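Reading through the C-alpha coordinates given below for one structure.
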Amino acid sequence: MKTMKLKNLLILSVMTSMTAACSKMEFAPVQTELASSAPTNSVSFSQVVGYGNKQVDFLIVFDDSNSMLPDLKKLAASLGDFVGGLETSGIDWQMCMTTTRAMNNVWGFSADFVGYSPAGGTPAYLLKKGTPNLTTIFENTVNAMTIGGSGSADERGLKATYNHFALAGSNGCYRAGAAVSVIIVSNEDERSVGGDASKMKSNDAAGSLLPLEAEDMPANVVAMAKQKFGSDVRFTFNSIIVKPGDKSCEAMQDAASASPSHEGVVYDNLSMMTDGGVGSICDSSFVNNLNTFRDKIVNSMTHMTLQCTPVANSVKIGINGANFTQFKVEGNILKFNSPLIEGTKIDLAFDCP
(Lines give C-alpha, C1' and ligand atoms only; values in the text may rest on other atoms or scores of the structure.)
Protein backbone atom coordinates (compact mmCIF):
# COMPACT_ATOMS: atom_id res chain seq x y z
CA MET A 1 0.00 0.00 0.00
CA LYS A 2 2.79 2.39 0.85
CA THR A 3 4.44 1.52 -2.46
CA MET A 4 1.23 2.31 -4.38
CA LYS A 5 0.77 5.61 -2.53
CA LEU A 6 4.35 6.57 -3.26
CA LYS A 7 3.91 5.81 -6.98
CA ASN A 8 0.68 7.79 -7.08
CA LEU A 9 2.39 10.69 -5.37
CA LEU A 10 5.26 10.62 -7.88
CA ILE A 11 2.84 10.52 -10.83
CA LEU A 12 0.86 13.42 -9.42
CA SER A 13 4.06 15.41 -8.89
CA VAL A 14 5.25 14.80 -12.46
CA MET A 15 1.84 15.76 -13.89
CA THR A 16 1.81 18.93 -11.83
CA SER A 17 5.31 19.85 -13.08
CA MET A 18 4.34 19.15 -16.69
CA THR A 19 1.22 21.26 -16.36
CA ALA A 20 3.24 24.14 -14.94
CA ALA A 21 5.82 23.79 -17.67
CA CYS A 22 3.16 23.74 -20.36
CA SER A 23 1.57 26.85 -18.86
CA LYS A 24 4.88 28.73 -19.15
CA MET A 25 5.39 27.65 -22.76
CA GLU A 26 1.92 28.84 -23.74
CA PHE A 27 2.27 32.24 -22.00
CA ALA A 28 4.91 33.79 -24.29
CA PRO A 29 2.88 33.50 -27.51
CA VAL A 30 -0.05 35.13 -25.77
CA GLN A 31 2.17 38.11 -24.80
CA THR A 32 3.48 38.45 -28.36
CA GLU A 33 0.00 38.41 -29.78
CA LEU A 34 -1.17 41.08 -27.35
CA ALA A 35 1.85 43.30 -28.15
CA SER A 36 1.21 43.13 -31.90
CA SER A 37 -2.35 44.28 -31.45
CA ALA A 38 -1.52 47.00 -28.92
CA PRO A 39 -2.85 50.49 -29.79
CA THR A 40 -0.52 52.88 -31.62
CA ASN A 41 0.80 56.09 -30.12
CA SER A 42 -0.83 59.08 -31.82
CA VAL A 43 1.29 62.21 -32.19
CA SER A 44 0.04 65.66 -33.20
CA PHE A 45 1.52 69.14 -33.05
CA SER A 46 1.67 72.49 -34.86
CA GLN A 47 4.59 74.74 -35.76
CA VAL A 48 5.37 77.77 -37.91
CA VAL A 49 8.28 77.83 -40.35
CA GLY A 50 10.71 80.24 -38.73
CA TYR A 51 11.96 83.52 -40.05
CA GLY A 52 15.61 83.41 -41.01
CA ASN A 53 18.36 85.92 -41.63
CA LYS A 54 17.13 88.57 -44.08
CA GLN A 55 20.59 89.27 -45.49
CA VAL A 56 21.35 87.53 -48.79
CA ASP A 57 24.55 87.97 -50.81
CA PHE A 58 24.23 87.09 -54.50
CA LEU A 59 26.75 86.04 -57.10
CA ILE A 60 25.55 86.16 -60.73
CA VAL A 61 27.61 83.99 -63.07
CA PHE A 62 27.24 84.91 -66.75
CA ASP A 63 28.22 82.46 -69.49
CA ASP A 64 29.78 84.90 -71.95
CA SER A 65 30.49 82.42 -74.75
CA ASN A 66 29.49 83.41 -78.29
CA SER A 67 26.05 81.72 -78.31
CA MET A 68 24.78 83.33 -75.13
CA LEU A 69 23.93 86.95 -75.96
CA PRO A 70 20.15 86.45 -76.50
CA ASP A 71 19.86 84.52 -73.21
CA LEU A 72 21.90 87.09 -71.29
CA LYS A 73 19.58 89.82 -72.58
CA LYS A 74 16.60 87.81 -71.28
CA LEU A 75 18.29 87.55 -67.89
CA ALA A 76 19.08 91.26 -67.79
CA ALA A 77 15.46 92.11 -68.56
CA SER A 78 14.25 89.85 -65.72
CA LEU A 79 16.77 90.69 -63.00
CA GLY A 80 15.36 94.13 -62.27
CA ASP A 81 11.92 92.72 -61.36
CA PHE A 82 13.56 89.90 -59.43
CA VAL A 83 15.58 92.24 -57.24
CA GLY A 84 12.57 94.51 -56.82
CA GLY A 85 10.68 91.50 -55.49
CA LEU A 86 13.50 90.85 -53.02
CA GLU A 87 13.15 94.34 -51.64
CA THR A 88 9.38 93.91 -51.33
CA SER A 89 10.08 90.73 -49.35
CA GLY A 90 12.17 92.77 -46.93
CA ILE A 91 15.42 91.06 -47.94
CA ASP A 92 18.63 93.05 -47.43
CA TRP A 93 20.49 92.00 -50.59
CA GLN A 94 23.74 92.79 -52.32
CA MET A 95 25.12 91.37 -55.56
CA CYS A 96 28.39 90.75 -57.34
CA MET A 97 29.00 89.33 -60.81
CA THR A 98 31.53 87.19 -62.63
CA THR A 99 31.74 85.12 -65.82
CA THR A 100 32.35 81.50 -66.74
CA ARG A 101 35.79 82.36 -68.13
CA ALA A 102 38.79 83.99 -66.48
CA MET A 103 38.91 87.78 -66.49
CA ASN A 104 42.26 89.52 -66.06
CA ASN A 105 43.69 86.01 -65.83
CA VAL A 106 41.67 85.39 -62.65
CA TRP A 107 38.80 82.92 -62.30
CA GLY A 108 36.05 84.43 -60.18
CA PHE A 109 37.11 88.03 -60.85
CA SER A 110 34.36 90.50 -59.84
CA ALA A 111 33.25 92.47 -62.91
CA ASP A 112 31.98 96.06 -62.67
CA PHE A 113 28.33 96.83 -63.36
CA VAL A 114 27.95 99.36 -66.17
CA GLY A 115 26.10 102.65 -65.63
CA TYR A 116 26.38 102.29 -61.87
CA SER A 117 28.05 104.99 -59.77
CA PRO A 118 27.79 103.98 -56.11
CA ALA A 119 28.51 106.44 -53.34
CA GLY A 120 30.52 106.12 -50.16
CA GLY A 121 33.44 104.17 -51.56
CA THR A 122 31.36 101.14 -52.59
CA PRO A 123 33.11 99.46 -55.56
CA ALA A 124 31.34 99.43 -58.94
CA TYR A 125 31.18 95.64 -58.86
CA LEU A 126 28.97 95.59 -55.74
CA LEU A 127 25.27 96.38 -56.18
CA LYS A 128 23.31 97.05 -53.01
CA LYS A 129 19.72 97.22 -51.87
CA GLY A 130 18.06 100.51 -52.78
CA THR A 131 20.07 101.07 -55.98
CA PRO A 132 17.81 102.85 -58.54
CA ASN A 133 17.40 101.96 -62.23
CA LEU A 134 18.44 98.32 -61.74
CA THR A 135 17.00 97.06 -65.02
CA THR A 136 18.97 99.68 -66.96
CA ILE A 137 22.15 98.76 -65.08
CA PHE A 138 21.71 95.05 -65.87
CA GLU A 139 20.98 95.75 -69.54
CA ASN A 140 23.96 98.13 -69.86
CA THR A 141 26.20 95.52 -68.24
CA VAL A 142 25.18 92.75 -70.64
CA ASN A 143 25.42 95.02 -73.69
CA ALA A 144 28.96 96.02 -72.69
CA MET A 145 30.17 92.44 -72.20
CA THR A 146 32.64 90.88 -74.62
CA ILE A 147 30.68 87.90 -75.92
CA GLY A 148 32.82 85.12 -77.36
CA GLY A 149 36.52 85.40 -77.98
CA SER A 150 39.53 83.96 -76.25
CA GLY A 151 38.81 81.53 -73.43
CA SER A 152 35.04 81.86 -73.54
CA ALA A 153 34.48 78.37 -75.01
CA ASP A 154 35.81 76.73 -71.82
CA GLU A 155 32.83 77.53 -69.60
CA ARG A 156 33.70 76.97 -65.94
CA GLY A 157 30.88 78.35 -63.82
CA LEU A 158 31.77 76.20 -60.82
CA LYS A 159 35.45 77.09 -60.95
CA ALA A 160 34.47 80.76 -61.11
CA THR A 161 32.15 80.32 -58.12
CA TYR A 162 34.75 78.36 -56.16
CA ASN A 163 37.41 81.04 -56.72
CA HIS A 164 35.00 83.89 -56.04
CA PHE A 165 34.26 82.31 -52.66
CA ALA A 166 37.98 81.76 -52.06
CA LEU A 167 38.52 85.52 -52.59
CA ALA A 168 35.72 86.44 -50.18
CA GLY A 169 38.11 88.11 -47.77
CA SER A 170 39.28 90.62 -50.37
CA ASN A 171 36.33 91.24 -52.69
CA GLY A 172 33.85 92.46 -50.06
CA CYS A 173 30.97 90.60 -51.72
CA TYR A 174 29.99 88.54 -48.67
CA ARG A 175 28.83 89.67 -45.24
CA ALA A 176 29.29 87.64 -42.06
CA GLY A 177 26.18 85.60 -41.33
CA ALA A 178 24.41 86.39 -44.62
CA ALA A 179 22.88 83.68 -46.78
CA VAL A 180 24.74 83.08 -50.06
CA SER A 181 22.95 82.48 -53.34
CA VAL A 182 24.50 81.90 -56.78
CA ILE A 183 22.58 82.23 -60.06
CA ILE A 184 24.19 80.90 -63.23
CA VAL A 185 22.82 81.09 -66.76
CA SER A 186 24.49 78.86 -69.35
CA ASN A 187 23.53 76.74 -72.37
CA GLU A 188 26.43 74.34 -71.78
CA ASP A 189 27.83 72.38 -68.86
CA GLU A 190 30.98 72.84 -66.79
CA ARG A 191 33.85 72.72 -69.32
CA SER A 192 31.16 72.42 -72.05
CA VAL A 193 30.32 68.73 -71.57
CA GLY A 194 31.03 68.13 -67.89
CA GLY A 195 34.00 65.94 -68.74
CA ASP A 196 31.65 63.39 -70.35
CA ALA A 197 32.89 62.18 -73.75
CA SER A 198 29.45 60.78 -74.62
CA LYS A 199 28.07 64.35 -74.69
CA MET A 200 30.42 65.50 -77.46
CA LYS A 201 28.87 66.57 -80.78
CA SER A 202 30.34 66.60 -84.26
CA ASN A 203 30.45 70.41 -84.38
CA ASP A 204 32.09 70.84 -80.98
CA ALA A 205 35.35 72.75 -81.29
CA ALA A 206 38.57 70.78 -81.18
CA GLY A 207 39.74 70.40 -77.60
CA SER A 208 36.26 70.83 -76.08
CA LEU A 209 36.55 67.61 -74.08
CA LEU A 210 38.52 68.65 -71.01
CA PRO A 211 38.72 66.91 -67.64
CA LEU A 212 37.00 68.38 -64.60
CA GLU A 213 39.46 69.59 -61.99
CA ALA A 214 39.00 70.01 -58.25
CA GLU A 215 37.42 73.49 -58.55
CA ASP A 216 34.88 72.14 -61.07
CA MET A 217 33.42 69.59 -58.64
CA PRO A 218 30.08 70.40 -56.93
CA ALA A 219 31.14 68.90 -53.59
CA ASN A 220 34.24 71.08 -53.51
CA VAL A 221 32.21 74.24 -54.16
CA VAL A 222 30.01 73.34 -51.18
CA ALA A 223 33.11 72.68 -49.07
CA MET A 224 34.58 76.07 -50.02
CA ALA A 225 31.30 77.80 -49.10
CA LYS A 226 31.35 76.18 -45.67
CA GLN A 227 35.04 76.97 -45.19
CA LYS A 228 34.58 80.66 -46.01
CA PHE A 229 31.10 81.36 -44.63
CA GLY A 230 30.67 78.79 -41.86
CA SER A 231 29.34 75.23 -41.69
CA ASP A 232 25.77 76.45 -41.14
CA VAL A 233 25.73 78.83 -44.15
CA ARG A 234 22.45 78.90 -46.05
CA PHE A 235 23.89 78.41 -49.56
CA THR A 236 21.85 77.79 -52.72
CA PHE A 237 23.17 77.33 -56.24
CA ASN A 238 20.49 78.17 -58.82
CA SER A 239 20.78 77.19 -62.48
CA ILE A 240 19.15 78.44 -65.67
CA ILE A 241 20.38 75.77 -68.08
CA VAL A 242 19.46 73.16 -70.63
CA LYS A 243 17.86 70.81 -68.15
CA PRO A 244 19.16 67.23 -68.23
CA GLY A 245 16.95 65.17 -70.53
CA ASP A 246 15.33 68.18 -72.22
CA LYS A 247 16.23 67.28 -75.80
CA SER A 248 13.71 69.75 -77.25
CA CYS A 249 15.40 72.68 -75.50
CA GLU A 250 18.83 71.41 -76.50
CA ALA A 251 17.72 71.26 -80.15
CA MET A 252 16.36 74.82 -79.94
CA GLN A 253 19.66 76.08 -78.56
CA ASP A 254 21.63 74.19 -81.23
CA ALA A 255 19.49 75.70 -83.98
CA ALA A 256 20.00 79.23 -82.66
CA SER A 257 23.79 79.21 -82.93
CA ALA A 258 26.66 77.61 -84.78
CA SER A 259 28.03 76.56 -81.38
CA PRO A 260 26.41 73.44 -79.90
CA SER A 261 24.64 73.47 -76.54
CA HIS A 262 24.83 70.79 -73.86
CA GLU A 263 22.77 69.66 -70.89
CA GLY A 264 23.85 71.29 -67.65
CA VAL A 265 24.31 68.05 -65.72
CA VAL A 266 27.05 69.26 -63.35
CA TYR A 267 25.23 72.54 -62.68
CA ASP A 268 22.02 70.62 -62.01
CA ASN A 269 23.87 68.38 -59.54
CA LEU A 270 25.06 71.35 -57.48
CA SER A 271 21.57 72.86 -57.49
CA MET A 272 20.16 69.58 -56.18
CA MET A 273 22.88 69.37 -53.49
CA THR A 274 22.06 72.85 -52.18
CA ASP A 275 18.27 72.77 -52.65
CA GLY A 276 18.63 75.47 -55.28
CA GLY A 277 16.28 76.11 -58.19
CA VAL A 278 16.68 74.84 -61.75
CA GLY A 279 15.08 76.71 -64.65
CA SER A 280 15.07 76.20 -68.40
CA ILE A 281 17.18 78.48 -70.57
CA CYS A 282 14.60 77.97 -73.32
CA ASP A 283 11.84 79.80 -71.44
CA SER A 284 10.74 82.97 -73.22
CA SER A 285 11.32 84.93 -70.01
CA PHE A 286 13.30 84.14 -66.88
CA VAL A 287 10.87 85.91 -64.54
CA ASN A 288 9.20 82.70 -63.32
CA ASN A 289 12.56 80.99 -62.86
CA LEU A 290 13.88 83.87 -60.78
CA ASN A 291 10.70 84.00 -58.69
CA THR A 292 11.19 80.31 -57.91
CA PHE A 293 14.74 81.08 -56.84
CA ARG A 294 13.47 83.88 -54.61
CA ASP A 295 11.10 81.49 -52.82
CA LYS A 296 14.03 79.15 -52.15
CA ILE A 297 16.24 81.98 -50.96
CA VAL A 298 13.91 83.07 -48.16
CA ASN A 299 13.99 80.86 -45.09
CA SER A 300 12.13 77.65 -45.92
CA MET A 301 11.51 74.12 -44.72
CA THR A 302 12.02 71.16 -47.06
CA HIS A 303 11.76 68.28 -44.57
CA MET A 304 11.12 67.33 -40.96
CA THR A 305 12.56 64.56 -38.81
CA LEU A 306 9.80 62.68 -36.99
CA GLN A 307 10.20 60.91 -33.63
CA CYS A 308 9.43 57.53 -35.24
CA THR A 309 8.85 55.87 -38.58
CA PRO A 310 5.10 56.48 -38.80
CA VAL A 311 2.50 53.81 -39.42
CA ALA A 312 1.76 53.57 -43.14
CA ASN A 313 -0.80 56.11 -44.39
CA SER A 314 -1.17 57.66 -40.92
CA VAL A 315 0.46 61.03 -41.69
CA LYS A 316 -2.01 63.89 -41.99
CA ILE A 317 -0.86 67.45 -42.73
CA GLY A 318 -2.60 70.81 -42.78
CA ILE A 319 -0.89 73.88 -44.26
CA ASN A 320 -2.32 77.21 -43.12
CA GLY A 321 -5.55 75.40 -42.26
CA ALA A 322 -5.94 73.51 -45.56
CA ASN A 323 -5.42 69.79 -46.15
CA PHE A 324 -2.00 69.12 -47.73
CA THR A 325 -0.97 65.99 -49.64
CA GLN A 326 2.19 67.04 -51.51
CA PHE A 327 4.67 65.13 -49.38
CA LYS A 328 6.36 61.76 -49.01
CA VAL A 329 7.70 59.78 -46.07
CA GLU A 330 11.09 58.08 -46.15
CA GLY A 331 11.72 56.26 -42.87
CA ASN A 332 11.27 58.90 -40.17
CA ILE A 333 11.92 61.80 -42.60
CA LEU A 334 8.91 63.75 -43.85
CA LYS A 335 9.75 65.50 -47.15
CA PHE A 336 7.66 68.26 -48.71
CA ASN A 337 7.47 68.24 -52.52
CA SER A 338 8.30 71.96 -52.53
CA PRO A 339 9.82 74.12 -49.77
CA LEU A 340 7.42 75.67 -47.27
CA ILE A 341 8.36 79.32 -46.92
CA GLU A 342 8.71 81.27 -43.70
CA GLY A 343 5.51 82.02 -41.82
CA THR A 344 3.77 78.86 -43.03
CA LYS A 345 1.76 77.09 -40.29
CA ILE A 346 2.02 73.29 -40.27
CA ASP A 347 -0.49 71.06 -38.45
CA LEU A 348 0.87 67.51 -38.31
CA ALA A 349 -0.59 64.24 -37.00
CA PHE A 350 0.72 60.67 -37.34
CA ASP A 351 0.83 57.34 -35.53
CA CYS A 352 3.93 55.70 -34.09
CA PRO A 353 3.92 51.89 -33.93
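Residue numbering restarts at 1 in every chain; chains get A, B, ... in the order shown in the C-alpha coordinates, and ligands count up from 1 in that same order.
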Which residues come within 8 Å of Leu75 (chain A), counting only C-alpha atoms, excluding same-chain residues fewer than 2 positions away, as a PyMOL selection string?
chain A and resi 71-73+77-79+185+285-286
Residues as selected, all heavy atoms, written as a CSV table (one decimal), in the first residue's frame, can you do that?
```
chain,number,residue,atom,x,y,z
A,71,ASP,N,20.3,85.0,-74.5
A,71,ASP,CA,19.9,84.5,-73.2
A,71,ASP,C,20.3,85.5,-72.1
A,71,ASP,O,19.6,85.7,-71.1
A,71,ASP,CB,20.4,83.1,-72.9
A,71,ASP,CG,19.8,82.1,-73.9
A,71,ASP,OD1,18.6,82.0,-74.0
A,71,ASP,OD2,20.6,81.4,-74.5
A,72,LEU,N,21.5,86.1,-72.3
A,72,LEU,CA,21.9,87.1,-71.3
A,72,LEU,C,21.0,88.3,-71.3
A,72,LEU,O,20.7,88.9,-70.3
A,72,LEU,CB,23.3,87.5,-71.5
A,72,LEU,CG,24.4,86.4,-71.3
A,72,LEU,CD1,25.8,87.0,-71.5
A,72,LEU,CD2,24.3,85.7,-70.0
A,73,LYS,N,20.5,88.7,-72.5
A,73,LYS,CA,19.6,89.8,-72.6
A,73,LYS,C,18.3,89.5,-71.9
A,73,LYS,O,17.7,90.3,-71.2
A,73,LYS,CB,19.3,90.2,-74.1
A,73,LYS,CG,20.5,90.9,-74.7
A,73,LYS,CD,20.2,91.3,-76.1
A,73,LYS,CE,21.3,92.0,-76.8
A,73,LYS,NZ,21.4,93.4,-76.2
A,77,ALA,N,16.8,91.5,-68.6
A,77,ALA,CA,15.5,92.1,-68.6
A,77,ALA,C,14.7,91.6,-67.4
A,77,ALA,O,13.7,92.3,-66.9
A,77,ALA,CB,14.7,91.8,-69.9
A,78,SER,N,15.0,90.4,-66.8
A,78,SER,CA,14.3,89.8,-65.7
A,78,SER,C,14.8,90.2,-64.4
A,78,SER,O,14.1,90.2,-63.3
A,78,SER,CB,14.2,88.3,-65.9
A,78,SER,OG,13.7,87.9,-67.1
A,79,LEU,N,16.1,90.5,-64.3
A,79,LEU,CA,16.8,90.7,-63.0
A,79,LEU,C,16.2,91.9,-62.2
A,79,LEU,O,16.2,91.9,-61.0
A,79,LEU,CB,18.3,90.8,-63.2
A,79,LEU,CG,19.1,89.5,-63.3
A,79,LEU,CD1,20.5,89.8,-63.7
A,79,LEU,CD2,19.0,88.7,-62.0
A,185,VAL,N,23.6,81.3,-65.5
A,185,VAL,CA,22.8,81.1,-66.8
A,185,VAL,C,23.8,80.6,-67.8
A,185,VAL,O,24.8,81.3,-68.1
A,185,VAL,CB,22.0,82.3,-67.2
A,185,VAL,CG1,22.9,83.6,-67.4
A,185,VAL,CG2,21.3,82.1,-68.5
A,285,SER,N,10.9,83.9,-71.0
A,285,SER,CA,11.3,84.9,-70.0
A,285,SER,C,11.9,84.2,-68.8
A,285,SER,O,11.4,83.0,-68.5
A,285,SER,CB,10.1,85.8,-69.6
A,285,SER,OG,10.4,86.6,-68.4
A,286,PHE,N,12.7,84.8,-68.1
A,286,PHE,CA,13.3,84.1,-66.9
A,286,PHE,C,12.6,84.6,-65.6
A,286,PHE,O,13.1,84.3,-64.5
A,286,PHE,CB,14.8,84.4,-66.8
A,286,PHE,CG,15.6,83.8,-67.9
A,286,PHE,CD1,16.8,84.4,-68.3
A,286,PHE,CD2,15.2,82.6,-68.5
A,286,PHE,CE1,17.5,83.8,-69.3
A,286,PHE,CE2,15.9,82.0,-69.5
A,286,PHE,CZ,17.1,82.6,-69.9
```
Would you please extract all helix (DSSP H, G or I) residues from region 282-313 of chain A, as assigned by DSSP on the backbone, and give them as a ChimeraX atom specification?
/A:287-297
Could you tell me how far CA of Leu69 (chain A) sits from CA of Glu87 (chain A), in Å to one decimal place?
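Atom-to-atom, CA of Glu87 (chain A) to CA of Leu69 (chain A), that is 27.6 Å.
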Option closest in space to Trp93 (chain A), from A:Met145, A:Ala178, A:Cys282, A:Leu348 [counting only C-alpha atoms]:
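Once distances to Trp93 (chain A) are computed over only C-alpha atoms, the minimum belongs to A:Ala178.
Checking A:Lys328, A:Lys335, A:Arg191, A:Lys316 one by one against Phe350 (chain A), counting only C-alpha atoms, you find the shortest gap at A:Lys316.
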Neighbour list for Ile184 (chain A) as a PyMOL selection string, cut-off 7 Å, only C-alpha atoms, skip fewer than 5 positions in-chain
chain A and resi 60-62+238-240
Output all heavy atoms for every residue in that selection, as an mmCIF file, in the first residue's frame.
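File selection-v1.cif, as written:
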```cif
data_model
loop_
_atom_site.group_PDB
_atom_site.id
_atom_site.type_symbol
_atom_site.label_atom_id
_atom_site.label_comp_id
_atom_site.auth_asym_id
_atom_site.auth_seq_id
_atom_site.Cartn_x
_atom_site.Cartn_y
_atom_site.Cartn_z
ATOM 1 N N ILE A 60 26.086 86.489 -59.402
ATOM 2 C CA ILE A 60 25.545 86.163 -60.726
ATOM 3 C C ILE A 60 26.711 85.703 -61.597
ATOM 4 O O ILE A 60 27.724 86.401 -61.708
ATOM 5 C CB ILE A 60 24.859 87.383 -61.373
ATOM 6 C CG1 ILE A 60 23.792 87.963 -60.435
ATOM 7 C CG2 ILE A 60 24.238 86.985 -62.704
ATOM 8 C CD1 ILE A 60 22.655 87.035 -60.125
ATOM 9 N N VAL A 61 26.561 84.527 -62.205
ATOM 10 C CA VAL A 61 27.607 83.986 -63.071
ATOM 11 C C VAL A 61 27.082 83.960 -64.503
ATOM 12 O O VAL A 61 26.158 83.201 -64.819
ATOM 13 C CB VAL A 61 28.035 82.566 -62.628
ATOM 14 C CG1 VAL A 61 29.182 82.072 -63.500
ATOM 15 C CG2 VAL A 61 28.452 82.566 -61.160
ATOM 16 N N PHE A 62 27.649 84.811 -65.355
ATOM 17 C CA PHE A 62 27.245 84.906 -66.750
ATOM 18 C C PHE A 62 28.120 83.997 -67.611
ATOM 19 O O PHE A 62 29.355 84.073 -67.546
ATOM 20 C CB PHE A 62 27.397 86.337 -67.273
ATOM 21 C CG PHE A 62 26.410 87.323 -66.737
ATOM 22 C CD1 PHE A 62 26.811 88.306 -65.843
ATOM 23 C CD2 PHE A 62 25.084 87.290 -67.131
ATOM 24 C CE1 PHE A 62 25.912 89.237 -65.351
ATOM 25 C CE2 PHE A 62 24.171 88.212 -66.647
ATOM 26 C CZ PHE A 62 24.583 89.183 -65.758
ATOM 27 N N ASN A 238 21.662 78.169 -57.943
ATOM 28 C CA ASN A 238 20.486 78.168 -58.816
ATOM 29 C C ASN A 238 20.921 78.205 -60.276
ATOM 30 O O ASN A 238 21.787 79.007 -60.640
ATOM 31 C CB ASN A 238 19.602 79.376 -58.499
ATOM 32 C CG ASN A 238 19.260 79.466 -57.023
ATOM 33 O OD1 ASN A 238 18.347 78.821 -56.545
ATOM 34 N ND2 ASN A 238 20.014 80.273 -56.288
ATOM 35 N N SER A 239 20.335 77.360 -61.092
ATOM 36 C CA SER A 239 20.781 77.193 -62.483
ATOM 37 C C SER A 239 19.674 77.496 -63.471
ATOM 38 O O SER A 239 18.550 76.997 -63.331
ATOM 39 C CB SER A 239 21.246 75.741 -62.704
ATOM 40 O OG SER A 239 22.204 75.346 -61.754
ATOM 41 N N ILE A 240 19.999 78.295 -64.487
ATOM 42 C CA ILE A 240 19.148 78.442 -65.672
ATOM 43 C C ILE A 240 19.945 77.823 -66.812
ATOM 44 O O ILE A 240 20.932 78.401 -67.292
ATOM 45 C CB ILE A 240 18.805 79.912 -65.955
ATOM 46 C CG1 ILE A 240 18.033 80.518 -64.772
ATOM 47 C CG2 ILE A 240 17.974 80.028 -67.224
ATOM 48 C CD1 ILE A 240 17.703 81.994 -64.941
#
```
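Minimum distance to Cys249 (chain A) across A:Gln227, A:Ser280, A:Asn133, A:Asn105 (counting only C-alpha atoms) occurs at A:Ser280.
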Taking only C-alpha atoms into account, which of A:Val233, A:Val106, A:Val48, A:Met252 comes nearest Ile341 (chain A)?
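Counting only C-alpha atoms, the residue closest to Ile341 (chain A) is A:Val48.
When only C-alpha atoms are used to compute distances to Met224 (chain A), the closest of the residues A:Ala197, A:Val242, A:Ala168, A:Met272 turns out to be A:Ala168.
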Just list the residues in region 91-147 of chain A DSSP gives strand (DSSP E or B) on the backbone, as a ChimeraX atom specification.
/A:92-99,103,106,127-128
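Nearest residue to Ala349 (chain A), choosing from A:Leu212, A:Ala176, A:Val311, A:Val265 and counting only C-alpha atoms: A:Val311.
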Can you pull out the residues contacting Met304 (chain A)? Cut-off 12 Å, using only C-alpha atoms, and skip same-chain residues under 6 positions away; I want them as an MDAnalysis selection string.
chainID A and resid 47 49 327:336 339:340 346 348
Next, dump the selected residues to file, keeping only N, CA and C atoms, as a PDB file, in the first residue's frame.
```pdb
ATOM      1  N   GLN A  47       3.444  73.842 -35.828  1.00  0.00           N
ATOM      2  CA  GLN A  47       4.586  74.745 -35.761  1.00  0.00           C
ATOM      3  C   GLN A  47       4.546  75.687 -36.958  1.00  0.00           C
ATOM      4  N   VAL A  49       6.945  77.764 -39.763  1.00  0.00           N
ATOM      5  CA  VAL A  49       8.282  77.828 -40.354  1.00  0.00           C
ATOM      6  C   VAL A  49       8.917  79.155 -39.947  1.00  0.00           C
ATOM      7  N   PHE A 327       3.534  65.528 -50.201  1.00  0.00           N
ATOM      8  CA  PHE A 327       4.665  65.129 -49.378  1.00  0.00           C
ATOM      9  C   PHE A 327       4.918  63.643 -49.552  1.00  0.00           C
ATOM     10  N   LYS A 328       6.059  63.185 -49.046  1.00  0.00           N
ATOM     11  CA  LYS A 328       6.364  61.764 -49.010  1.00  0.00           C
ATOM     12  C   LYS A 328       7.112  61.469 -47.726  1.00  0.00           C
ATOM     13  N   VAL A 329       7.057  60.205 -47.309  1.00  0.00           N
ATOM     14  CA  VAL A 329       7.704  59.782 -46.070  1.00  0.00           C
ATOM     15  C   VAL A 329       8.763  58.750 -46.408  1.00  0.00           C
ATOM     16  N   GLU A 330       9.985  59.018 -45.965  1.00  0.00           N
ATOM     17  CA  GLU A 330      11.087  58.076 -46.148  1.00  0.00           C
ATOM     18  C   GLU A 330      11.667  57.761 -44.776  1.00  0.00           C
ATOM     19  N   GLY A 331      11.324  56.578 -44.233  1.00  0.00           N
ATOM     20  CA  GLY A 331      11.723  56.258 -42.868  1.00  0.00           C
ATOM     21  C   GLY A 331      11.057  57.222 -41.905  1.00  0.00           C
ATOM     22  N   ASN A 332      11.850  57.909 -41.085  1.00  0.00           N
ATOM     23  CA  ASN A 332      11.274  58.903 -40.175  1.00  0.00           C
ATOM     24  C   ASN A 332      11.456  60.333 -40.677  1.00  0.00           C
ATOM     25  N   ILE A 333      11.757  60.474 -41.993  1.00  0.00           N
ATOM     26  CA  ILE A 333      11.920  61.798 -42.600  1.00  0.00           C
ATOM     27  C   ILE A 333      10.677  62.132 -43.426  1.00  0.00           C
ATOM     28  N   LEU A 334      10.056  63.240 -43.101  1.00  0.00           N
ATOM     29  CA  LEU A 334       8.914  63.753 -43.850  1.00  0.00           C
ATOM     30  C   LEU A 334       9.439  64.802 -44.821  1.00  0.00           C
ATOM     31  N   LYS A 335       9.243  64.585 -46.132  1.00  0.00           N
ATOM     32  CA  LYS A 335       9.752  65.496 -47.148  1.00  0.00           C
ATOM     33  C   LYS A 335       8.599  66.168 -47.880  1.00  0.00           C
ATOM     34  N   PHE A 336       8.662  67.506 -47.973  1.00  0.00           N
ATOM     35  CA  PHE A 336       7.662  68.265 -48.712  1.00  0.00           C
ATOM     36  C   PHE A 336       8.088  68.364 -50.177  1.00  0.00           C
ATOM     37  N   PRO A 339       9.517  73.512 -51.065  1.00  0.00           N
ATOM     38  CA  PRO A 339       9.817  74.123 -49.768  1.00  0.00           C
ATOM     39  C   PRO A 339       8.644  74.933 -49.234  1.00  0.00           C
ATOM     40  N   LEU A 340       8.423  74.854 -47.935  1.00  0.00           N
ATOM     41  CA  LEU A 340       7.415  75.668 -47.267  1.00  0.00           C
ATOM     42  C   LEU A 340       8.114  76.927 -46.763  1.00  0.00           C
ATOM     43  N   ILE A 346       2.144  74.720 -39.987  1.00  0.00           N
ATOM     44  CA  ILE A 346       2.025  73.294 -40.274  1.00  0.00           C
ATOM     45  C   ILE A 346       1.305  72.621 -39.120  1.00  0.00           C
ATOM     46  N   LEU A 348       0.399  68.848 -37.961  1.00  0.00           N
ATOM     47  CA  LEU A 348       0.866  67.510 -38.309  1.00  0.00           C
ATOM     48  C   LEU A 348       0.341  66.487 -37.319  1.00  0.00           C
TER      49      LEU A 348
END
```
Distance in Å - CA of Asp64 (chain A) versus CA of Ile147 (chain A)
5.1 Å
Do you know which residues are at most 12 Å from region 202-207 of chain A counting only C-alpha atoms, after dropping those on the same chain fewer than 6 positions away, and could you put them as a ChimeraX atom specification?
/A:151-154,188,191-193,195,254,257-262
Between CA of Asp347 (chain A) and CA of Ile91 (chain A), what is the distance, to one decimal in Å?
27.3 Å
Within 12 Å of Asp232 (chain A) using only C-alpha atoms, minus same-chain residues under 2 positions, as JSON, numbers by chain
{"A": [176, 177, 178, 179, 180, 222, 223, 225, 226, 227, 228, 229, 230, 234, 235]}
